[in-house]
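K.L.:
Contents are PDB, C-alpha atoms and all ligand atoms; file name data_30.pdb:
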```pdb
ATOM      1  CA  MET A   1      -6.664  18.415  -9.203
ATOM      2  CA  GLU A   2      -9.623  17.552  -7.020
ATOM      3  CA  PHE A   3      -8.682  16.496  -3.490
ATOM      4  CA  LEU A   4     -10.831  14.424  -1.181
ATOM      5  CA  SER A   5     -10.989  16.515   1.969
ATOM      6  CA  GLU A   6     -13.329  14.128   3.755
ATOM      7  CA  LEU A   7     -10.972  11.182   3.301
ATOM      8  CA  ASN A   8     -10.722   8.980   6.384
ATOM      9  CA  ILE A   9      -7.738   6.685   6.957
ATOM     10  CA  ARG A  10      -8.289   3.802   9.384
ATOM     11  CA  PRO A  11      -6.864   0.354  10.164
ATOM     12  CA  MET A  12      -7.923  -2.403   7.764
ATOM     13  CA  THR A  13     -10.237  -5.079   9.146
ATOM     14  CA  ALA A  14     -11.326  -8.475   7.810
ATOM     15  CA  GLY A  15     -14.659  -6.804   6.921
ATOM     16  CA  ASP A  16     -12.856  -4.759   4.246
ATOM     17  CA  VAL A  17     -12.045  -7.795   2.085
ATOM     18  CA  ASN A  18     -14.974  -7.369  -0.330
ATOM     19  CA  ALA A  19     -14.175  -3.715  -0.961
ATOM     20  CA  ILE A  20     -10.518  -4.593  -1.587
ATOM     21  CA  VAL A  21     -11.515  -7.401  -3.967
ATOM     22  CA  GLU A  22     -13.583  -4.825  -5.906
ATOM     23  CA  ILE A  23     -10.685  -2.350  -6.138
ATOM     24  CA  ASP A  24      -8.298  -5.115  -7.191
ATOM     25  CA  LEU A  25     -10.785  -6.238  -9.865
ATOM     26  CA  LYS A  26     -11.005  -2.686 -11.240
ATOM     27  CA  VAL A  27      -7.208  -2.326 -11.229
ATOM     28  CA  ILE A  28      -6.052  -5.676 -12.573
ATOM     29  CA  GLY A  29      -9.237  -7.010 -14.195
ATOM     30  CA  LYS A  30      -9.357 -10.199 -12.125
ATOM     31  CA  SER A  31     -11.445 -11.153  -9.107
ATOM     32  CA  ARG A  32      -9.314 -12.798  -6.404
ATOM     33  CA  PRO A  33     -11.459 -13.197  -3.272
ATOM     34  CA  ASP A  34      -9.552 -16.237  -1.964
ATOM     35  CA  TYR A  35      -6.214 -14.454  -2.326
ATOM     36  CA  TRP A  36      -7.452 -11.381  -0.453
ATOM     37  CA  LYS A  37      -9.078 -13.453   2.295
ATOM     38  CA  LYS A  38      -5.604 -14.872   2.945
ATOM     39  CA  MET A  39      -3.881 -11.508   2.671
ATOM     40  CA  VAL A  40      -6.182  -9.591   5.018
ATOM     41  CA  PRO A  41      -5.596 -11.129   8.432
ATOM     42  CA  GLU A  42      -8.422 -11.737  10.898
ATOM     43  CA  ASN A  43      -6.047 -10.837  13.698
ATOM     44  CA  PRO A  44      -3.480  -8.436  12.311
ATOM     45  CA  GLN A  45       0.102  -8.473  13.579
ATOM     46  CA  HIS A  46      -0.370  -4.809  14.366
ATOM     47  CA  PRO A  47      -3.582  -2.852  13.683
ATOM     48  CA  PHE A  48      -1.781   0.100  12.103
ATOM     49  CA  LEU A  49       0.223  -1.838   9.520
ATOM     50  CA  SER A  50      -2.540  -2.175   6.976
ATOM     51  CA  LEU A  51      -4.855   0.729   6.320
ATOM     52  CA  VAL A  52      -7.855   1.647   4.230
ATOM     53  CA  ALA A  53      -8.960   5.018   2.902
ATOM     54  CA  GLU A  54     -12.679   5.665   2.891
ATOM     55  CA  VAL A  55     -15.028   8.390   1.762
ATOM     56  CA  GLU A  56     -18.499   8.455   3.268
ATOM     57  CA  GLY A  57     -18.007   4.893   4.506
ATOM     58  CA  LYS A  58     -16.877   3.521   1.136
ATOM     59  CA  VAL A  59     -13.393   2.036   0.936
ATOM     60  CA  ILE A  60     -11.586   3.512  -2.088
ATOM     61  CA  GLY A  61      -7.983   2.594  -1.350
ATOM     62  CA  PHE A  62      -5.763   0.467   0.836
ATOM     63  CA  VAL A  63      -2.209  -0.267   1.831
ATOM     64  CA  LEU A  64      -1.010  -3.603   3.137
ATOM     65  CA  GLY A  65       2.195  -3.769   5.143
ATOM     66  CA  GLU A  66       4.364  -5.920   7.358
ATOM     67  CA  VAL A  67       7.117  -5.361   9.878
ATOM     68  CA  SER A  68       9.753  -7.884  10.795
ATOM     69  CA  GLY A  69      11.559  -7.828  14.072
ATOM     70  CA  TRP A  70       9.475  -5.180  15.846
ATOM     71  CA  GLU A  71       8.113  -7.649  18.353
ATOM     72  CA  PHE A  72      11.673  -8.418  19.491
ATOM     73  CA  GLY A  73      12.775  -4.798  19.590
ATOM     74  CA  VAL A  74      15.757  -5.579  17.369
ATOM     75  CA  PRO A  75      17.573  -2.543  15.992
ATOM     76  CA  ASP A  76      17.259  -3.560  12.361
ATOM     77  CA  THR A  77      13.489  -3.552  12.377
ATOM     78  CA  ILE A  78      12.383  -3.271   8.774
ATOM     79  CA  GLY A  79       9.035  -2.527   7.222
ATOM     80  CA  TRP A  80       7.499  -3.758   4.024
ATOM     81  CA  LEU A  81       4.976  -1.902   1.980
ATOM     82  CA  SER A  82       3.555  -5.002   0.314
ATOM     83  CA  ILE A  83       0.643  -3.690  -1.758
ATOM     84  CA  ILE A  84      -1.018  -0.355  -2.334
ATOM     85  CA  GLY A  85      -4.105   0.145  -4.450
ATOM     86  CA  VAL A  86      -6.582   2.925  -5.171
ATOM     87  CA  ASP A  87      -9.930   2.629  -6.940
ATOM     88  CA  PRO A  88      -9.325   3.928 -10.505
ATOM     89  CA  ASP A  89     -12.390   6.200 -10.116
ATOM     90  CA  HIS A  90     -10.555   7.962  -7.285
ATOM     91  CA  GLN A  91      -6.959   7.992  -8.472
ATOM     92  CA  HIS A  92      -4.944  11.218  -8.825
ATOM     93  CA  LYS A  93      -6.703  12.801  -5.869
ATOM     94  CA  GLY A  94      -3.995  12.247  -3.286
ATOM     95  CA  VAL A  95      -5.495   9.067  -1.773
ATOM     96  CA  ALA A  96      -2.348   6.914  -2.038
ATOM     97  CA  ARG A  97      -0.265   9.839  -0.791
ATOM     98  CA  ARG A  98      -2.396  10.046   2.374
ATOM     99  CA  LEU A  99      -2.290   6.258   2.823
ATOM    100  CA  SER A 100       1.474   6.101   2.453
ATOM    101  CA  GLN A 101       2.082   9.117   4.713
ATOM    102  CA  GLU A 102      -0.023   7.508   7.429
ATOM    103  CA  PHE A 103       1.681   4.151   6.858
ATOM    104  CA  VAL A 104       5.157   5.696   7.167
ATOM    105  CA  LYS A 105       4.114   7.604  10.306
ATOM    106  CA  ASN A 106       2.830   4.402  11.921
ATOM    107  CA  LEU A 107       5.985   2.451  11.074
ATOM    108  CA  LYS A 108       8.172   5.253  12.363
ATOM    109  CA  ALA A 109       6.299   5.030  15.669
ATOM    110  CA  MET A 110       7.280   1.328  15.724
ATOM    111  CA  ASN A 111      10.965   2.272  15.339
ATOM    112  CA  VAL A 112      11.137   1.074  11.765
ATOM    113  CA  GLY A 113      14.154   2.657  10.130
ATOM    114  CA  VAL A 114      13.695   1.515   6.558
ATOM    115  CA  ILE A 115      10.764   0.467   4.422
ATOM    116  CA  TYR A 116      11.175  -1.856   1.466
ATOM    117  CA  THR A 117       8.855  -2.479  -1.412
ATOM    118  CA  LEU A 118       9.097  -4.395  -4.675
ATOM    119  CA  VAL A 119       7.896  -2.908  -7.939
ATOM    120  CA  ASN A 120       7.812  -4.377 -11.394
ATOM    121  CA  TRP A 121      10.291  -2.442 -13.528
ATOM    122  CA  ASN A 122       7.580  -2.002 -16.197
ATOM    123  CA  ASP A 123       5.041  -0.561 -13.785
ATOM    124  CA  TRP A 124       5.812   3.094 -14.460
ATOM    125  CA  ASP A 125       2.782   4.512 -12.661
ATOM    126  CA  LEU A 126       3.713   2.743  -9.475
ATOM    127  CA  LEU A 127       7.404   3.626  -9.874
ATOM    128  CA  LYS A 128       6.525   7.294 -10.323
ATOM    129  CA  PHE A 129       4.244   7.171  -7.325
ATOM    130  CA  TYR A 130       6.944   5.637  -5.092
ATOM    131  CA  LYS A 131       9.489   8.159  -6.355
ATOM    132  CA  ALA A 132       7.068  10.969  -5.482
ATOM    133  CA  MET A 133       6.744   9.462  -1.990
ATOM    134  CA  GLY A 134      10.524   9.611  -1.505
ATOM    135  CA  PHE A 135      11.412   5.985  -2.227
ATOM    136  CA  THR A 136      14.697   5.523  -4.055
ATOM    137  CA  ARG A 137      16.376   2.550  -5.674
ATOM    138  CA  GLY A 138      17.654   0.285  -2.877
ATOM    139  CA  GLY A 139      21.356  -0.233  -2.436
ATOM    140  CA  ASP A 140      22.183  -3.161  -0.192
ATOM    141  CA  MET A 141      19.416  -5.549  -1.184
ATOM    142  CA  ILE A 142      18.910  -6.987  -4.640
ATOM    143  CA  ASN A 143      16.218  -9.353  -5.754
ATOM    144  CA  LEU A 144      17.308 -12.773  -6.968
ATOM    145  CA  GLU A 145      15.215 -15.119  -9.013
ATOM    146  CA  LEU A 146      15.354 -18.694 -10.182
ATOM    147  CA  LYS A 147      13.244 -19.634 -13.184
ATOM    148  CA  ILE A 148      12.046 -23.204 -12.685
ATOM    149  CA  ASP A 149       9.862 -23.928 -15.696
TER     150      ASP A 149
HETATM  151  C1  LIG B 201      -0.049   4.030  -7.951
HETATM  152  C2  LIG B 201      -1.352   4.350  -7.231
HETATM  153  C3  LIG B 201      -1.370   3.636  -5.867
HETATM  154  C4  LIG B 201      -1.428   5.864  -7.030
HETATM  155  O1  LIG B 201      -2.630   6.178  -6.343
HETATM  156  P1  LIG B 201      -3.250   7.665  -6.366
HETATM  157  O2  LIG B 201      -4.190   7.793  -5.232
HETATM  158  O3  LIG B 201      -3.762   7.969  -7.705
HETATM  159  O4  LIG B 201      -1.931   8.544  -6.103
HETATM  160  P2  LIG B 201      -1.879  10.040  -5.533
HETATM  161  O5  LIG B 201      -2.955  10.849  -6.180
HETATM  162  O6  LIG B 201      -1.832  10.024  -4.058
HETATM  163  O7  LIG B 201      -0.474  10.495  -6.121
HETATM  164  C5  LIG B 201       0.610  10.932  -5.316
HETATM  165  C6  LIG B 201       1.765  11.297  -6.234
HETATM  166  O8  LIG B 201       2.285  10.135  -6.884
HETATM  167  C7  LIG B 201       2.607  10.427  -8.254
HETATM  168  N1  LIG B 201       1.739   9.618  -9.123
HETATM  169  C8  LIG B 201       0.681   8.863  -8.765
HETATM  170  N2  LIG B 201       0.151   8.219  -9.840
HETATM  171  C9  LIG B 201       0.912   8.587 -10.889
HETATM  172  C10 LIG B 201       0.884   8.269 -12.277
HETATM  173  N3  LIG B 201      -0.034   7.447 -12.779
HETATM  174  N4  LIG B 201       1.820   8.830 -13.083
HETATM  175  C11 LIG B 201       2.743   9.683 -12.574
HETATM  176  N5  LIG B 201       2.829  10.021 -11.262
HETATM  177  C12 LIG B 201       1.929   9.476 -10.443
HETATM  178  C13 LIG B 201       2.370  11.912  -8.442
HETATM  179  O9  LIG B 201       3.584  12.593  -8.195
HETATM  180  C14 LIG B 201       1.363  12.223  -7.345
HETATM  181  O10 LIG B 201       1.462  13.540  -6.863
HETATM  182  P3  LIG B 201       0.799  14.768  -7.678
HETATM  183  O11 LIG B 201      -0.560  14.289  -8.092
HETATM  184  O12 LIG B 201       0.789  15.862  -6.677
HETATM  185  O13 LIG B 201       1.693  14.994  -8.835
HETATM  186  C15 LIG B 201      -2.596   3.923  -8.082
HETATM  187  O14 LIG B 201      -2.420   4.397  -9.397
HETATM  188  C16 LIG B 201      -2.824   2.424  -8.120
HETATM  189  O15 LIG B 201      -3.546   1.869  -7.295
HETATM  190  N6  LIG B 201      -2.222   1.737  -9.088
HETATM  191  C17 LIG B 201      -2.311   0.283  -9.172
HETATM  192  C18 LIG B 201      -1.329  -0.337  -8.220
HETATM  193  C19 LIG B 201      -1.524  -1.837  -8.151
HETATM  194  O16 LIG B 201      -1.361  -2.541  -9.134
HETATM  195  N7  LIG B 201      -1.920  -2.333  -6.939
HETATM  196  C20 LIG B 201      -2.182  -3.741  -6.734
HETATM  197  C21 LIG B 201      -3.579  -4.161  -7.142
HETATM  198  S1  LIG B 201      -4.863  -3.308  -6.307
END
```
Now, as a test, write the supplied structure out as structure tokens.

P.N.:
Amino acid sequence: MEFLSELNIRPMTAGDVNAIVEIDLKVIGKSRPDYWKKMVPENPQHPFLSLVAEVEGKVIGFVLGEVSGWEFGVPDTIGWLSIIGVDPDHQHKGVARRLSQEFVKNLKAMNVGVIYTLVNWNDWDLLKFYKAMGFTRGGDMINLELKID
């Protein structure tokens, strides 16, 4: 497997929106600029919660996260890995691994003890990726849903 040695991981900025829209388009086949403009904050809660991976200045992957409670120093500070995505032309080269390792390191530095994420049961690639990153099936939290149509 080819690895990207020159991969740079840095905090996401509002200027990364277009690159993220492009990656999202390649992954899901839909262009969602308005959605991503909302998702990528102008003034992030914490600069190290959402990261991008770039090679030679081109953004090829990203992770978007949140932390609840950290600003109050509460003991049950929890992190959320909301979305991770890698440009299909650069998948299987360890990009998401580097992004998630950096993400976990940053959250640990914020005293986060547990990180949650939600994955569609049918999304095997993502499930395998999270398993490889050490995520396991959660115990105390379950998702509930109410169908309203
Ligand atoms: C899941 C995803 C993030 C993985 O990114 P990636 O950079 O290719 O992953 P990595 O190369 O860092 O893989 C790390 C480990 O995860 C596992 N893994 C990753 N992708 C996998 C796959 N498709 N099948 C099985 N295992 C996989 C492997 O164990 C891998 O380690 P290894 O290569 O040493 O065996 C990427 O496929 C993706 O972006 N998928 C779409 C996710 C999505 O829908 N995001 C929202 C819209 S952008």

K.L.:
For the structure shown, which residues end up in the PyMOL selection byres (((not hetatm)) within 9 of (chain B and resi 201))? Put them as a CSV table (one decimal) with C-alpha atoms, in the frame of the given file, please?

P.N.:
```csv
chain,number,residue,atom,x,y,z
A,1,MET,CA,-6.7,18.4,-9.2
A,3,PHE,CA,-8.7,16.5,-3.5
A,20,ILE,CA,-10.5,-4.6,-1.6
A,21,VAL,CA,-11.5,-7.4,-4.0
A,22,GLU,CA,-13.6,-4.8,-5.9
A,23,ILE,CA,-10.7,-2.4,-6.1
A,24,ASP,CA,-8.3,-5.1,-7.2
A,25,LEU,CA,-10.8,-6.2,-9.9
A,26,LYS,CA,-11.0,-2.7,-11.2
A,27,VAL,CA,-7.2,-2.3,-11.2
A,28,ILE,CA,-6.1,-5.7,-12.6
A,61,GLY,CA,-8.0,2.6,-1.4
A,62,PHE,CA,-5.8,0.5,0.8
A,63,VAL,CA,-2.2,-0.3,1.8
A,83,ILE,CA,0.6,-3.7,-1.8
A,84,ILE,CA,-1.0,-0.4,-2.3
A,85,GLY,CA,-4.1,0.1,-4.4
A,86,VAL,CA,-6.6,2.9,-5.2
A,87,ASP,CA,-9.9,2.6,-6.9
A,88,PRO,CA,-9.3,3.9,-10.5
A,90,HIS,CA,-10.6,8.0,-7.3
A,91,GLN,CA,-7.0,8.0,-8.5
A,92,HIS,CA,-4.9,11.2,-8.8
A,93,LYS,CA,-6.7,12.8,-5.9
A,94,GLY,CA,-4.0,12.2,-3.3
A,95,VAL,CA,-5.5,9.1,-1.8
A,96,ALA,CA,-2.3,6.9,-2.0
A,97,ARG,CA,-0.3,9.8,-0.8
A,98,ARG,CA,-2.4,10.0,2.4
A,99,LEU,CA,-2.3,6.3,2.8
A,100,SER,CA,1.5,6.1,2.5
A,123,ASP,CA,5.0,-0.6,-13.8
A,124,TRP,CA,5.8,3.1,-14.5
A,125,ASP,CA,2.8,4.5,-12.7
A,126,LEU,CA,3.7,2.7,-9.5
A,127,LEU,CA,7.4,3.6,-9.9
A,128,LYS,CA,6.5,7.3,-10.3
A,129,PHE,CA,4.2,7.2,-7.3
A,130,TYR,CA,6.9,5.6,-5.1
A,131,LYS,CA,9.5,8.2,-6.4
A,132,ALA,CA,7.1,11.0,-5.5
A,133,MET,CA,6.7,9.5,-2.0
```

K.L.:
Could you tell me which residues the PyMOL selection byres (((chain A and resi 11) around 12) and not hetatm) grabs in this file, written as a PDB file with C-alpha atoms, keeping the file's coordinate frame?

P.N.:
```
ATOM      1  CA  ASN A   8     -10.722   8.980   6.384  1.00  0.00           C
ATOM      2  CA  ILE A   9      -7.738   6.685   6.957  1.00  0.00           C
ATOM      3  CA  ARG A  10      -8.289   3.802   9.384  1.00  0.00           C
ATOM      4  CA  MET A  12      -7.923  -2.403   7.764  1.00  0.00           C
ATOM      5  CA  THR A  13     -10.237  -5.079   9.146  1.00  0.00           C
ATOM      6  CA  ALA A  14     -11.326  -8.475   7.810  1.00  0.00           C
ATOM      7  CA  GLY A  15     -14.659  -6.804   6.921  1.00  0.00           C
ATOM      8  CA  ASP A  16     -12.856  -4.759   4.246  1.00  0.00           C
ATOM      9  CA  VAL A  40      -6.182  -9.591   5.018  1.00  0.00           C
ATOM     10  CA  PRO A  41      -5.596 -11.129   8.432  1.00  0.00           C
ATOM     11  CA  ASN A  43      -6.047 -10.837  13.698  1.00  0.00           C
ATOM     12  CA  PRO A  44      -3.480  -8.436  12.311  1.00  0.00           C
ATOM     13  CA  GLN A  45       0.102  -8.473  13.579  1.00  0.00           C
ATOM     14  CA  HIS A  46      -0.370  -4.809  14.366  1.00  0.00           C
ATOM     15  CA  PRO A  47      -3.582  -2.852  13.683  1.00  0.00           C
ATOM     16  CA  PHE A  48      -1.781   0.100  12.103  1.00  0.00           C
ATOM     17  CA  LEU A  49       0.223  -1.838   9.520  1.00  0.00           C
ATOM     18  CA  SER A  50      -2.540  -2.175   6.976  1.00  0.00           C
ATOM     19  CA  LEU A  51      -4.855   0.729   6.320  1.00  0.00           C
ATOM     20  CA  VAL A  52      -7.855   1.647   4.230  1.00  0.00           C
ATOM     21  CA  ALA A  53      -8.960   5.018   2.902  1.00  0.00           C
ATOM     22  CA  GLU A  54     -12.679   5.665   2.891  1.00  0.00           C
ATOM     23  CA  VAL A  59     -13.393   2.036   0.936  1.00  0.00           C
ATOM     24  CA  GLY A  61      -7.983   2.594  -1.350  1.00  0.00           C
ATOM     25  CA  PHE A  62      -5.763   0.467   0.836  1.00  0.00           C
ATOM     26  CA  VAL A  63      -2.209  -0.267   1.831  1.00  0.00           C
ATOM     27  CA  LEU A  64      -1.010  -3.603   3.137  1.00  0.00           C
ATOM     28  CA  GLY A  65       2.195  -3.769   5.143  1.00  0.00           C
ATOM     29  CA  LEU A  99      -2.290   6.258   2.823  1.00  0.00           C
ATOM     30  CA  GLU A 102      -0.023   7.508   7.429  1.00  0.00           C
ATOM     31  CA  PHE A 103       1.681   4.151   6.858  1.00  0.00           C
ATOM     32  CA  ASN A 106       2.830   4.402  11.921  1.00  0.00           C
TER      33      ASN A 106
END
```

K.L.:
Could you jot down the atom CA of A:Lys58 to atom CA of A:Gly134 separation for me, Å, one decimal place?

P.N.:
28.2 Å

K.L.:
Applying 12 Å and only C-alpha atoms, which residues near A:Gly79 remain after dropping the ones on its own chain fewer than 2 positions away? List them as JSON, numbers by chain.

P.N.:
{"A": [49, 50, 64, 65, 66, 67, 68, 69, 70, 76, 77, 81, 82, 103, 104, 105, 106, 107, 108, 109, 110, 111, 112, 113, 114, 115, 116, 117]}

K.L.:
Hey, can you check how far atom CA of A:Ala19 sits from atom CA of A:Gly57?

P.N.:
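Straight-line distance from atom CA of A:Ala19 to atom CA of A:Gly57 works out to 10.9 Å.
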
K.L.:
Taking all atoms of stretch 83-101 of chain A that the file lists and extending 4 Å past them on each side, where is the centre of the axis-aligned box and how long are its edges? Answer in Å to one decimal, as JSON.

P.N.:
```
{"center_x": -5.2, "center_y": 4.6, "center_z": -2.9, "size_x": 22.5, "size_y": 24.5, "size_z": 23.2}
```

K.L.:
Taking the file as I've supplied it (selection: the PyMOL selection byres (((chain A and resi 143) around 12) and not hetatm)), which residues are included? Please answer as a ChimeraX atom specification.

P.N.:
/A:116-121,137-142,144-146

K.L.:
Work out how far atom CA of A:Val55 is from atom CA of A:Leu7, in Å to one decimal.

P.N.:
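Here the two named atoms are 5.2 Å from each other.
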
K.L.:
Mind rebuilding stretch 81-96 of chain A with N, CA and C atoms and writing that out as a compact mmCIF listing (two decimals), keeping the file's coordinate frame?

P.N.:
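Writing the result to out-v1.txt gives the following:
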```txt
# COMPACT_ATOMS: atom_id res chain seq x y z
N LEU A 81 6.23 -2.35 2.56
CA LEU A 81 4.98 -1.90 1.98
C LEU A 81 4.67 -2.94 0.90
N SER A 82 3.77 -3.86 1.20
CA SER A 82 3.56 -5.00 0.31
C SER A 82 2.70 -4.63 -0.90
N ILE A 83 1.56 -4.02 -0.65
CA ILE A 83 0.64 -3.69 -1.76
C ILE A 83 -0.08 -2.38 -1.46
N ILE A 84 -0.19 -1.56 -2.46
CA ILE A 84 -1.02 -0.36 -2.33
C ILE A 84 -1.94 -0.31 -3.54
N GLY A 85 -3.17 0.08 -3.33
CA GLY A 85 -4.11 0.14 -4.45
C GLY A 85 -5.17 1.19 -4.20
N VAL A 86 -5.53 1.91 -5.26
CA VAL A 86 -6.58 2.92 -5.17
C VAL A 86 -7.58 2.68 -6.30
N ASP A 87 -8.85 2.77 -5.96
CA ASP A 87 -9.93 2.63 -6.94
C ASP A 87 -9.66 3.59 -8.11
N PRO A 88 -9.61 3.06 -9.35
CA PRO A 88 -9.32 3.93 -10.50
C PRO A 88 -10.25 5.15 -10.60
N ASP A 89 -11.48 5.04 -10.08
CA ASP A 89 -12.39 6.20 -10.12
C ASP A 89 -11.94 7.30 -9.17
N HIS A 90 -11.00 6.97 -8.29
CA HIS A 90 -10.56 7.96 -7.28
C HIS A 90 -9.05 8.19 -7.31
N GLN A 91 -8.41 7.77 -8.40
CA GLN A 91 -6.96 7.99 -8.47
C GLN A 91 -6.66 9.46 -8.81
N HIS A 92 -5.43 9.84 -8.56
CA HIS A 92 -4.94 11.22 -8.82
C HIS A 92 -5.64 12.26 -7.96
N LYS A 93 -6.08 11.84 -6.78
CA LYS A 93 -6.70 12.80 -5.87
C LYS A 93 -5.97 12.81 -4.53
N GLY A 94 -4.79 12.22 -4.51
CA GLY A 94 -4.00 12.25 -3.29
C GLY A 94 -4.31 11.14 -2.29
N VAL A 95 -5.09 10.14 -2.71
CA VAL A 95 -5.50 9.07 -1.77
C VAL A 95 -4.29 8.21 -1.37
N ALA A 96 -3.51 7.76 -2.35
CA ALA A 96 -2.35 6.91 -2.04
C ALA A 96 -1.30 7.71 -1.26
```
